[in-house]
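Heads up, query_35.cif below (mmCIF, C-alpha atoms and all ligand atoms):
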data_query
#
loop_
_atom_site.label_atom_id
_atom_site.label_comp_id
_atom_site.auth_asym_id
_atom_site.auth_seq_id
_atom_site.Cartn_x
_atom_site.Cartn_y
_atom_site.Cartn_z
CA MET A 28 7.45 -36.59 -32.57
CA PHE A 29 4.88 -38.44 -34.66
CA GLY A 30 5.99 -40.80 -37.42
CA THR A 31 3.79 -42.33 -40.11
CA ASN A 32 1.83 -44.18 -37.43
CA GLY A 33 1.99 -42.45 -34.04
CA ILE A 34 4.94 -42.04 -31.68
CA ARG A 35 7.31 -45.01 -31.44
CA GLY A 36 10.54 -45.75 -29.65
CA ILE A 37 12.51 -48.07 -27.37
CA VAL A 38 10.97 -48.19 -23.90
CA ASN A 39 12.73 -46.12 -21.22
CA GLN A 40 14.94 -44.57 -23.89
CA GLU A 41 12.69 -42.53 -26.22
CA MET A 42 9.40 -44.01 -25.00
CA THR A 43 9.28 -43.03 -21.32
CA SER A 44 6.47 -42.69 -18.79
CA GLU A 45 7.22 -38.97 -18.62
CA LEU A 46 6.59 -38.70 -22.37
CA ALA A 47 3.33 -40.65 -22.01
CA LEU A 48 2.21 -38.41 -19.14
CA LYS A 49 2.85 -35.21 -21.06
CA LEU A 50 1.30 -36.64 -24.21
CA GLY A 51 -1.83 -37.47 -22.18
CA MET A 52 -1.94 -33.90 -20.87
CA ALA A 53 -1.42 -32.44 -24.36
CA THR A 54 -4.00 -34.73 -25.99
CA GLY A 55 -6.58 -33.94 -23.31
CA THR A 56 -5.86 -30.22 -23.60
CA PHE A 57 -6.30 -30.33 -27.38
CA PHE A 58 -9.53 -32.36 -27.57
CA GLY A 59 -11.02 -30.87 -24.38
CA ARG A 60 -13.42 -32.33 -21.79
CA GLY A 61 -15.10 -35.63 -22.59
CA SER A 62 -14.15 -39.29 -22.60
CA TYR A 63 -11.07 -40.94 -24.11
CA VAL A 64 -11.03 -44.62 -25.03
CA LEU A 65 -7.70 -46.21 -24.16
CA GLY A 66 -6.42 -49.66 -25.16
CA THR A 67 -3.11 -51.52 -25.36
CA ASP A 68 -1.53 -54.46 -27.14
CA THR A 69 0.26 -57.20 -25.12
CA ARG A 70 3.67 -55.52 -24.53
CA ILE A 71 5.03 -55.63 -20.97
CA SER A 72 5.61 -51.85 -20.93
CA ASN A 73 1.91 -51.19 -21.53
CA GLN A 74 0.85 -50.76 -17.91
CA MET A 75 3.63 -48.25 -17.32
CA LEU A 76 2.69 -46.15 -20.34
CA LYS A 77 -1.07 -46.56 -19.97
CA ASN A 78 -1.09 -45.37 -16.37
CA ALA A 79 1.07 -42.37 -17.20
CA PHE A 80 -1.08 -41.40 -20.20
CA THR A 81 -4.22 -41.87 -18.09
CA SER A 82 -2.83 -39.55 -15.38
CA GLY A 83 -2.15 -36.92 -17.99
CA VAL A 84 -5.67 -37.01 -19.45
CA LEU A 85 -7.31 -36.98 -15.98
CA SER A 86 -5.26 -33.96 -14.88
CA VAL A 87 -6.73 -31.82 -17.67
CA GLY A 88 -10.29 -32.98 -16.94
CA GLY A 89 -10.74 -35.81 -19.46
CA ASP A 90 -12.34 -39.14 -18.48
CA ILE A 91 -10.75 -42.45 -19.46
CA ILE A 92 -12.64 -45.49 -20.73
CA ASP A 93 -10.13 -48.32 -20.38
CA VAL A 94 -10.96 -51.17 -22.80
CA GLY A 95 -7.95 -53.29 -21.80
CA ILE A 96 -5.83 -55.39 -24.17
CA VAL A 97 -7.48 -55.18 -27.59
CA PRO A 98 -6.49 -55.18 -31.28
CA SER A 99 -6.08 -51.66 -32.74
CA PRO A 100 -9.19 -52.12 -34.94
CA THR A 101 -11.25 -53.02 -31.85
CA LEU A 102 -10.07 -49.84 -30.11
CA GLN A 103 -10.74 -47.79 -33.23
CA TYR A 104 -14.23 -49.26 -33.57
CA SER A 105 -14.93 -48.43 -29.90
CA VAL A 106 -14.18 -44.69 -30.15
CA PRO A 107 -17.18 -43.67 -32.33
CA TYR A 108 -19.26 -46.51 -30.87
CA LEU A 109 -18.87 -45.04 -27.35
CA CYS A 110 -19.29 -41.46 -28.71
CA ALA A 111 -15.90 -40.58 -27.21
CA GLN A 112 -14.00 -37.37 -27.72
CA ALA A 113 -10.93 -39.27 -28.93
CA GLY A 114 -8.93 -42.42 -28.26
CA ALA A 115 -5.39 -43.68 -27.86
CA MET A 116 -3.82 -47.04 -28.56
CA ILE A 117 -0.62 -48.02 -26.77
CA THR A 118 1.18 -50.25 -29.26
CA ALA A 119 4.31 -50.53 -31.36
CA SER A 120 2.41 -52.67 -33.90
CA HIS A 121 4.94 -54.91 -35.70
CA ASN A 122 8.12 -53.56 -33.99
CA PRO A 123 10.23 -55.86 -31.76
CA PRO A 124 9.31 -56.32 -28.05
CA GLU A 125 11.62 -53.59 -26.68
CA PHE A 126 9.61 -50.94 -28.57
CA ASN A 127 6.34 -49.31 -27.66
CA GLY A 128 4.31 -46.42 -29.00
CA ILE A 129 1.18 -44.31 -28.72
CA LYS A 130 -1.27 -43.72 -31.54
CA ILE A 131 -3.89 -40.97 -31.18
CA ILE A 132 -7.34 -41.77 -32.61
CA ASP A 133 -9.82 -39.12 -33.74
CA SER A 134 -13.51 -39.20 -32.71
CA ASP A 135 -14.46 -40.96 -35.98
CA GLY A 136 -12.09 -43.87 -35.23
CA THR A 137 -9.44 -42.92 -37.82
CA GLU A 138 -5.81 -42.22 -36.93
CA ALA A 139 -5.45 -38.52 -36.05
CA GLU A 140 -4.35 -36.54 -39.11
CA ARG A 141 -1.08 -34.61 -39.37
CA GLY A 142 -2.65 -31.24 -38.42
CA ILE A 143 -4.03 -32.61 -35.13
CA GLU A 144 -0.68 -34.25 -34.30
CA GLU A 145 1.10 -30.95 -34.91
CA LYS A 146 -1.26 -29.10 -32.57
CA ILE A 147 -0.80 -31.71 -29.84
CA GLU A 148 2.98 -31.48 -30.34
CA ASN A 149 2.79 -27.72 -30.04
CA ILE A 150 0.97 -27.91 -26.69
CA PHE A 151 3.54 -30.51 -25.57
CA HIS A 152 6.59 -28.40 -26.46
CA LYS A 153 5.17 -25.21 -24.92
CA ASP A 154 3.92 -27.01 -21.78
CA ALA A 155 0.61 -25.26 -22.49
CA TYR A 156 -1.53 -27.74 -20.57
CA ARG A 157 -4.94 -26.67 -19.26
CA LEU A 158 -4.87 -28.20 -15.75
CA VAL A 159 -8.33 -28.22 -14.13
CA PHE A 160 -9.37 -27.42 -10.54
CA TRP A 161 -9.26 -30.28 -8.07
CA ASP A 162 -13.01 -30.88 -8.33
CA ALA A 163 -12.95 -31.34 -12.13
CA ILE A 164 -10.27 -34.06 -12.34
CA GLY A 165 -11.33 -36.86 -14.69
CA GLN A 166 -12.42 -40.38 -13.73
CA VAL A 167 -11.62 -43.87 -15.05
CA GLN A 168 -14.08 -46.58 -16.00
CA TYR A 169 -13.44 -50.04 -17.43
CA MET A 170 -15.40 -51.48 -20.31
CA ASP A 171 -15.27 -54.58 -22.50
CA THR A 172 -16.11 -53.73 -26.13
CA ARG A 173 -14.80 -56.93 -27.70
CA ASP A 174 -18.27 -58.51 -28.22
CA ARG A 175 -19.51 -55.37 -29.99
CA TYR A 176 -16.54 -55.39 -32.30
CA ARG A 177 -16.98 -59.06 -33.20
CA ASP A 178 -20.73 -58.52 -33.82
CA ALA A 179 -19.88 -55.58 -36.11
CA VAL A 180 -17.43 -57.66 -38.16
CA ARG A 181 -19.84 -60.59 -38.46
CA SER A 182 -22.63 -58.28 -39.63
CA GLN A 183 -20.48 -57.36 -42.66
CA VAL A 184 -20.31 -60.87 -44.11
CA ASN A 185 -22.71 -63.72 -44.94
CA GLU A 186 -22.32 -65.40 -41.59
CA SER A 187 -24.64 -68.36 -42.15
CA LEU A 188 -23.05 -69.26 -45.49
CA ILE A 189 -19.56 -69.19 -43.89
CA GLN A 190 -20.80 -71.29 -40.95
CA GLU A 191 -22.19 -73.94 -43.33
CA LYS A 192 -18.74 -74.45 -44.86
CA LYS A 193 -17.15 -75.41 -41.50
CA PHE A 194 -13.71 -74.13 -42.56
CA THR A 195 -10.58 -75.20 -40.67
CA VAL A 196 -8.37 -72.18 -40.00
CA VAL A 197 -4.92 -72.09 -38.40
CA LEU A 198 -4.59 -68.71 -36.66
CA ASP A 199 -1.20 -67.32 -35.58
CA CYS A 200 -1.69 -64.25 -33.37
CA GLY A 201 2.05 -63.99 -32.66
CA ASN A 202 1.25 -63.61 -28.91
CA GLY A 203 -0.17 -60.18 -29.73
CA ALA A 204 -3.46 -58.38 -29.10
CA GLY A 205 -5.30 -60.47 -31.70
CA SER A 206 -5.26 -63.32 -29.14
CA MET A 207 -7.98 -61.52 -27.15
CA VAL A 208 -10.52 -61.38 -29.97
CA MET A 209 -9.70 -63.18 -33.21
CA PRO A 210 -9.87 -66.89 -32.22
CA TYR A 211 -13.38 -66.25 -30.85
CA LEU A 212 -14.42 -64.35 -33.97
CA LEU A 213 -13.42 -67.32 -36.15
CA ARG A 214 -15.22 -69.76 -33.85
CA GLU A 215 -18.40 -67.67 -34.10
CA LEU A 216 -18.06 -67.89 -37.88
CA GLY A 217 -18.32 -71.67 -37.55
CA CYS A 218 -14.65 -72.39 -38.12
CA ARG A 219 -12.63 -75.13 -36.52
CA VAL A 220 -9.85 -72.98 -35.09
CA VAL A 221 -6.32 -74.30 -34.61
CA SER A 222 -4.56 -71.62 -32.59
CA LEU A 223 -0.84 -70.94 -32.71
CA ASN A 224 0.86 -68.32 -30.48
CA CYS A 225 -2.58 -67.22 -29.23
CA GLN A 226 -1.56 -66.77 -25.59
CA PRO A 227 -0.99 -63.02 -24.96
CA ASP A 228 2.69 -62.54 -24.04
CA GLY A 229 4.60 -59.26 -24.30
CA LEU A 230 7.93 -61.04 -24.70
CA PHE A 231 6.64 -62.53 -27.99
CA PRO A 232 8.13 -66.02 -27.44
CA GLY A 233 6.46 -67.54 -30.53
CA ARG A 234 7.78 -65.24 -33.24
CA LEU A 235 8.49 -61.55 -33.81
CA PRO A 236 5.36 -59.35 -34.08
CA GLU A 237 5.93 -58.67 -37.79
CA PRO A 238 4.33 -61.44 -39.89
CA THR A 239 6.65 -62.13 -42.83
CA ARG A 240 7.38 -65.17 -44.95
CA ASP A 241 10.52 -65.82 -42.85
CA THR A 242 8.78 -65.76 -39.45
CA LEU A 243 5.83 -67.98 -40.40
CA SER A 244 7.41 -71.41 -40.89
CA ASP A 245 5.41 -72.86 -37.95
CA LEU A 246 2.18 -71.61 -39.50
CA LEU A 247 3.03 -73.08 -42.90
CA CYS A 248 3.68 -76.50 -41.32
CA MET A 249 0.51 -76.42 -39.24
CA VAL A 250 -1.70 -75.51 -42.18
CA GLN A 251 -0.54 -78.59 -44.05
CA GLY A 252 -0.44 -80.80 -40.94
CA ASN A 253 -4.07 -79.99 -40.10
CA THR A 254 -5.30 -80.06 -43.72
CA ALA A 255 -6.63 -76.58 -43.02
CA ASP A 256 -8.49 -74.43 -45.56
CA MET A 257 -6.51 -71.34 -44.66
CA GLY A 258 -3.76 -70.00 -42.41
CA VAL A 259 -3.74 -66.44 -41.05
CA ALA A 260 -1.02 -64.52 -39.20
CA LEU A 261 -1.61 -61.18 -37.49
CA ASP A 262 0.87 -58.49 -36.46
CA GLY A 263 1.28 -57.31 -32.83
CA ASP A 264 -1.85 -55.15 -32.78
CA ALA A 265 -3.85 -57.24 -35.29
CA ASP A 266 -4.57 -54.49 -37.77
CA ARG A 267 -2.66 -56.43 -40.42
CA ALA A 268 -3.33 -59.97 -41.61
CA VAL A 269 -1.32 -62.15 -43.97
CA PHE A 270 -2.64 -65.37 -45.46
CA VAL A 271 -1.38 -68.85 -46.23
CA THR A 272 -3.18 -71.10 -48.73
CA GLU A 273 -4.40 -74.64 -48.01
CA THR A 274 -1.34 -75.96 -49.86
CA GLY A 275 1.03 -74.04 -47.56
CA GLY A 276 1.72 -71.22 -50.03
CA TYR A 277 2.45 -67.77 -48.61
CA LEU A 278 0.29 -65.03 -50.17
CA ASP A 279 2.11 -61.76 -50.77
CA GLY A 280 0.27 -58.72 -49.42
CA ASP A 281 -0.14 -57.34 -52.93
CA LYS A 282 -1.78 -60.56 -54.04
CA THR A 283 -4.17 -60.51 -51.08
CA LEU A 284 -5.09 -56.91 -51.93
CA ALA A 285 -5.70 -57.83 -55.57
CA LEU A 286 -7.65 -60.97 -54.66
CA MET A 287 -10.01 -59.01 -52.43
CA ALA A 288 -10.26 -56.06 -54.85
CA HIS A 289 -11.29 -58.53 -57.56
CA HIS A 290 -14.31 -59.57 -55.46
CA LEU A 291 -15.14 -56.26 -53.74
CA VAL A 292 -14.72 -53.57 -56.42
CA SER A 293 -17.58 -53.36 -58.97
CA PRO A 294 -17.77 -51.24 -62.17
CA GLY A 295 -17.49 -47.52 -61.43
CA GLU A 296 -16.21 -48.08 -57.88
CA LYS A 297 -12.86 -46.95 -56.51
CA CYS A 298 -9.95 -48.77 -54.87
CA VAL A 299 -7.13 -46.89 -53.06
CA THR A 300 -3.54 -48.05 -52.55
CA PRO A 301 -0.06 -46.45 -52.27
CA VAL A 302 1.99 -45.89 -55.44
CA SER A 303 4.38 -48.64 -54.30
CA SER A 304 1.74 -51.39 -54.70
CA SER A 305 1.92 -54.03 -57.42
CA SER A 306 0.28 -53.67 -60.83
CA CYS A 307 -1.69 -56.86 -60.16
CA ILE A 308 -4.16 -54.71 -58.18
CA SER A 309 -4.80 -52.22 -60.98
CA ASP A 310 -4.97 -55.11 -63.47
CA VAL A 311 -7.95 -56.74 -61.72
CA VAL A 312 -9.65 -53.46 -60.74
CA THR A 313 -9.55 -51.96 -64.24
CA LYS A 314 -10.57 -55.30 -65.78
CA ASN A 315 -13.66 -55.21 -63.53
CA GLY A 316 -14.45 -51.65 -64.70
CA GLY A 317 -13.34 -50.10 -61.41
CA GLU A 318 -10.97 -47.20 -60.87
CA MET A 319 -7.59 -47.07 -59.06
CA VAL A 320 -6.63 -44.08 -56.92
CA TYR A 321 -3.01 -43.85 -55.73
CA THR A 322 -1.66 -42.17 -52.57
CA ARG A 323 1.63 -41.60 -50.84
CA VAL A 324 2.93 -44.50 -48.73
CA GLY A 325 1.35 -44.76 -45.20
CA ALA A 326 -1.90 -46.28 -43.92
CA PRO A 327 -3.53 -43.15 -42.42
CA LEU A 328 -3.08 -41.49 -45.83
CA VAL A 329 -4.81 -44.40 -47.57
CA ALA A 330 -7.74 -44.16 -45.13
CA ARG A 331 -8.07 -40.36 -45.60
CA LYS A 332 -8.01 -40.71 -49.40
CA MET A 333 -10.64 -43.45 -49.20
CA ILE A 334 -12.97 -41.10 -47.31
CA GLU A 335 -12.26 -38.31 -49.82
CA VAL A 336 -13.06 -40.36 -52.94
CA SER A 337 -15.69 -42.70 -51.35
CA ALA A 338 -13.67 -45.81 -52.18
CA VAL A 339 -15.17 -49.27 -51.52
CA PHE A 340 -11.86 -50.91 -50.65
CA GLY A 341 -8.21 -50.08 -50.10
CA GLY A 342 -5.02 -51.07 -48.38
CA GLU A 343 -1.29 -51.58 -48.43
CA GLU A 344 0.99 -54.38 -49.59
CA ASN A 345 1.94 -55.26 -45.98
CA GLY A 346 -1.45 -56.84 -45.19
CA GLY A 347 -3.15 -53.67 -43.93
CA LEU A 348 -6.63 -53.82 -45.48
CA ILE A 349 -9.41 -51.22 -45.06
CA PHE A 350 -13.12 -52.01 -45.45
CA PRO A 351 -15.03 -48.70 -45.32
CA ARG A 352 -18.51 -50.18 -44.81
CA HIS A 353 -17.14 -51.39 -41.45
CA GLN A 354 -14.65 -48.63 -40.57
CA TYR A 355 -11.88 -46.48 -42.06
CA CYS A 356 -8.90 -48.24 -40.55
CA ARG A 357 -6.83 -51.35 -41.19
CA ASP A 358 -8.58 -54.33 -39.69
CA GLY A 359 -7.13 -57.85 -39.39
CA GLY A 360 -10.45 -59.28 -38.14
CA MET A 361 -12.38 -57.96 -41.12
CA ALA A 362 -9.65 -59.22 -43.46
CA MET A 363 -10.10 -62.79 -42.12
CA ALA A 364 -13.90 -62.61 -42.25
CA VAL A 365 -13.95 -61.20 -45.80
CA MET A 366 -11.51 -63.86 -47.03
CA LEU A 367 -13.77 -66.59 -45.62
CA ASP A 368 -16.77 -64.84 -47.19
CA ILE A 369 -15.11 -64.88 -50.62
CA MET A 370 -14.18 -68.57 -50.23
CA ALA A 371 -17.74 -69.42 -49.16
CA HIS A 372 -19.40 -67.49 -52.00
CA THR A 373 -17.17 -68.74 -54.78
CA GLY A 374 -16.76 -72.29 -53.48
CA LYS A 375 -13.08 -72.01 -54.43
CA THR A 376 -10.02 -72.79 -52.34
CA LEU A 377 -7.62 -70.03 -51.38
CA SER A 378 -4.95 -71.30 -53.78
CA GLN A 379 -7.50 -71.34 -56.65
CA LEU A 380 -8.51 -67.76 -55.83
CA ALA A 381 -4.87 -66.67 -55.68
CA GLY A 382 -4.20 -68.41 -58.99
CA GLU A 383 -6.67 -66.04 -60.71
CA ILE A 384 -4.48 -63.02 -59.89
CA PRO A 385 -1.64 -62.04 -62.25
CA SER A 386 1.88 -62.42 -60.84
CA TYR A 387 4.59 -59.77 -60.88
CA ALA A 388 8.05 -59.66 -59.37
CA LEU A 389 9.06 -56.74 -57.15
CA PHE A 390 12.64 -55.84 -56.36
CA LYS A 391 13.50 -53.39 -53.57
CA GLY A 392 16.80 -51.58 -53.04
CA LYS A 393 18.09 -48.56 -51.14
CA VAL A 394 20.85 -45.97 -51.30
CA PRO A 395 22.03 -43.92 -48.27
CA CYS A 396 21.33 -40.25 -49.00
CA PRO A 397 21.79 -37.10 -46.88
CA PRO A 398 18.33 -35.52 -46.25
CA GLY A 399 19.47 -32.25 -47.88
CA GLU A 400 20.16 -34.01 -51.19
CA MET A 401 16.85 -35.84 -51.69
CA GLU A 402 15.01 -32.97 -53.35
CA ARG A 403 17.80 -32.41 -55.90
CA ILE A 404 18.01 -36.12 -56.80
CA LEU A 405 14.27 -36.32 -57.47
CA GLU A 406 14.32 -33.13 -59.56
CA GLU A 407 17.23 -34.37 -61.68
CA LEU A 408 15.49 -37.68 -62.14
CA VAL A 409 12.30 -36.00 -63.41
CA GLU A 410 14.26 -33.75 -65.77
CA GLY A 411 16.27 -36.59 -67.30
CA GLU A 412 13.29 -38.89 -67.94
CA ASN A 413 11.09 -39.04 -71.03
CA GLN A 414 8.76 -41.87 -69.96
CA ASP A 415 5.32 -41.46 -68.32
CA MET A 416 5.62 -40.50 -64.66
CA ASP A 417 3.56 -40.22 -61.49
CA LEU A 418 4.74 -37.78 -58.79
CA VAL A 419 2.31 -38.64 -55.96
CA ASP A 420 5.19 -39.88 -53.77
CA GLY A 421 8.77 -39.57 -55.05
CA VAL A 422 9.01 -40.38 -58.77
CA LYS A 423 7.26 -43.39 -60.31
CA ILE A 424 8.38 -44.06 -63.87
CA PHE A 425 6.39 -46.31 -66.19
CA LEU A 426 8.68 -48.33 -68.45
CA PRO A 427 7.75 -50.67 -71.34
CA GLU A 428 8.75 -53.71 -69.21
CA GLY A 429 7.32 -52.55 -65.82
CA TRP A 430 7.75 -49.59 -63.47
CA VAL A 431 10.25 -48.14 -61.03
CA LEU A 432 9.57 -45.96 -58.00
CA VAL A 433 12.30 -43.80 -56.47
CA ARG A 434 11.27 -42.19 -53.18
CA PRO A 435 12.89 -40.77 -50.04
CA SER A 436 12.31 -42.93 -46.93
CA GLY A 437 9.94 -41.31 -44.42
CA THR A 438 11.99 -42.37 -41.42
CA GLU A 439 15.66 -42.84 -42.45
CA PRO A 440 18.28 -40.97 -44.55
CA LEU A 441 17.71 -43.32 -47.50
CA ILE A 442 16.38 -43.26 -51.01
CA ARG A 443 14.32 -46.34 -51.74
CA VAL A 444 14.06 -47.87 -55.18
CA TYR A 445 11.23 -50.31 -56.01
CA ALA A 446 11.07 -51.97 -59.41
CA GLU A 447 8.36 -54.26 -60.73
CA ALA A 448 8.29 -56.43 -63.85
CA ARG A 449 6.80 -59.71 -65.10
CA ASP A 450 9.85 -61.71 -63.96
CA PRO A 451 12.39 -61.30 -61.09
CA LYS A 452 15.39 -60.89 -63.42
CA THR A 453 13.93 -57.90 -65.25
CA ALA A 454 12.78 -56.31 -61.96
CA GLU A 455 16.28 -56.62 -60.56
CA LYS A 456 17.79 -55.24 -63.79
CA ILE A 457 15.55 -52.14 -63.67
CA ALA A 458 16.26 -51.58 -59.96
CA SER A 459 20.04 -51.87 -60.38
CA MET A 460 19.92 -49.41 -63.29
CA TYR A 461 18.15 -46.76 -61.19
CA LEU A 462 20.19 -47.51 -58.04
CA ALA A 463 23.32 -46.86 -60.10
CA LEU A 464 21.79 -43.68 -61.52
CA VAL A 465 20.99 -42.33 -58.04
CA ARG A 466 24.49 -43.20 -56.78
CA GLU A 467 25.96 -41.37 -59.78
CA MET A 468 23.86 -38.26 -59.05
CA LEU A 469 25.02 -38.30 -55.42
CA LYS A 470 28.69 -38.15 -56.40
MG MG B 501 -0.06 -53.04 -36.80
#
For this file, produce the structure as structure tokens.
Ligand code: MG
Amino acid sequence: MFGTNGIRGIVNQEMTSELALKLGMATGTFFGRGSYVLGTDTRISNQMLKNAFTSGVLSVGGDIIDVGIVPSPTLQYSVPYLCAQAGAMITASHNPPEFNGIKIIDSDGTEAERGIEEKIENIFHKDAYRLVFWDAIGQVQYMDTRDRYRDAVRSQVNESLIQEKKFTVVLDCGNGAGSMVMPYLLRELGCRVVSLNCQPDGLFPGRLPEPTRDTLSDLLCMVQGNTADMGVALDGDADRAVFVTETGGYLDGDKTLALMAHHLVSPGEKCVTPVSSSSCISDVVTKNGGEMVYTRVGAPLVARKMIEVSAVFGGEENGGLIFPRHQYCRDGGMAMAVMLDIMAHTGKTLSQLAGEIPSYALFKGKVPCPPGEMERILEELVEGENQDMDLVDGVKIFLPEGWVLVRPSGTEPLIRVYAEARDPKTAEKIASMYLALVREMLK
């Protein structure tokens, strides 16, 4: 049932109120008596799913603390802050409006790990719910934790220095959950905030919830039109942030990761990212005397690895950045605050900071592949190769002119091929070579 980030599906097809009810019962049965913090993004199916999930938890004796419409990082911050048993976030993150999903949060605020999800699934499939007597049914209370979250973020940066700079920031919340918190956070940091798509609306009239170069043309225009210092766009649940420079340049997620790693990772410290991330991150981290640790693709895995190796920073190329001094989950609010902090400390503009990071070109391709064949393809690839390799996730091969990663997709019957080199032509050449090789092996 659970994918890389909770349960997702189209509403009233896969994602039904019956599913939410049973998932609430199973989650409450697994974690036991205590309180559960529950939040949603702005989707119009949220009330339907939230009420069903709530019913389920109450029926097995759990109490619900409803924190309303909040970004995922605000919900995740609230779970340990309120000493809750667990939490759940109703969101489909960056998926289109017809989708919704449920993400289970552990008591420490991290996404529940695979083992917990399997146990919940087991209870679900066996209908092994522990219904309580009528006098032990849970209760609901409502709480607003948004101020606490904003205070926590602000305490992580040099607030007064940022306030002195009086930055102008154009913020595009994409009509998502960020609208409830992030404009106010920026205002408290002394910014002049120009808001774009900051009215919560589950039909997402402004743009699709996934912030990509193609969906952010309004933001690019407004940054230049307002002579802003920075533009930021958040995804539907505001755990991911992507940045635009004062000259209207779109910053790739890899570059943002590298830019922050350059300023956050000191000698001897560790930075965690999936094997698919660009070499520009390892370039700056190793140059600073830090150490790179690679994981399989998927944010909860990055967070777990960061806890394991006590990393100071980590994240993914899609704008999901994790700041462990604050909390072990992707956090769009922290990403904005830290970027302003770096600009304030260095006195440099965002385009100057981005200019200090080496540039690489990434080319992505895919080949349809029956699930039964994936293992064989990877094995044959490893056998036939004499270059250095990394087998953390699929096969990553280090070539003289760059690297190539061949890995099975986690969600579809596809083999993905990523190739990186100094220039786009070489990256494409490497990718086509390996795409052809995989196709040949499939014959
Ligand atoms: Mg998200």
* **Selection within 8 Å of ligand MG 501 (chain B) by only C-alpha atoms and all ligand atoms, output as a PyMOL selection string** => chain A and resi 99+119-121+262-267+347
* With a distance cut-off of 12 Å and all atoms listed in the file, select the neighbouring residues of A:Asp228, excluding the residue or stretch itself and same-chain residues fewer than 5 positions from it, and output the selection as a PyMOL selection string. => chain A and resi 68-73+96+124+200-207+233-236+263
* To do: For A:Phe58, list every protein, DNA or RNA residue within 12 Å, evaluated using all atoms listed in the file, and leave out those in the same chain fewer than 2 positions away; present the list as a PyMOL selection string.
  => chain A and resi 51-56+60-63+84+87-90+111-114+131-134+139+143-144+146-147+150+156-157
* Asked: If we count all atoms listed in the file, what is near A:Phe350 at a cut-off of 8 Å, once residues fewer than 6 positions away on the same chain are taken out, given as a VMD selection string?
  -> chain A and resid 339 to 341 356 to 358 361
* Structure fact -> A:Gly437 proximity check over A:Lys456, A:Lys192, A:Arg323, A:Lys77, using all atoms listed in the file: winner is A:Arg323
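Rounded to one decimal, atom CA of A:Glu318 and atom CA of A:Lys297 lie 4.8 Å from each other.
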* Pick from A:Lys193, A:Lys49, A:Arg443, A:Arg214, whichever lies nearest to A:Asn149 using all atoms listed in the file ->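 Closest candidate: A:Lys49.
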* To do: Please indicate the distance in Å from atom CA of A:Leu291 to atom CA of A:Gln103, rounded to one decimal place.
  =>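 Computing it gives 22.6 Å between the two atoms.
Atom pair atom CA of A:Ile424 / atom CA of A:Leu441: separated by 18.9 Å.
If you measure from each of A:Leu328, A:Leu46, A:Met249, A:Leu102 to A:Val196 using only C-alpha atoms, the closest one turns out to be A:Met249.
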* To do: May I ask which of the residues A:Glu41, A:Glu273, A:Asp199, A:Glu344 is the closest one to A:Gln226, counting only C-alpha atoms?
  =>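 Result for the nearest residue to A:Gln226: A:Asp199.
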* Leaving out stretch 402-414 of chain A and any residue of its chain fewer than 6 positions from it, which residues lie within 12 Å of it when counting only C-alpha atoms, given as a PyMOL selection string? -> chain A and resi 394+396+420-435+441-444+461-462+464-470
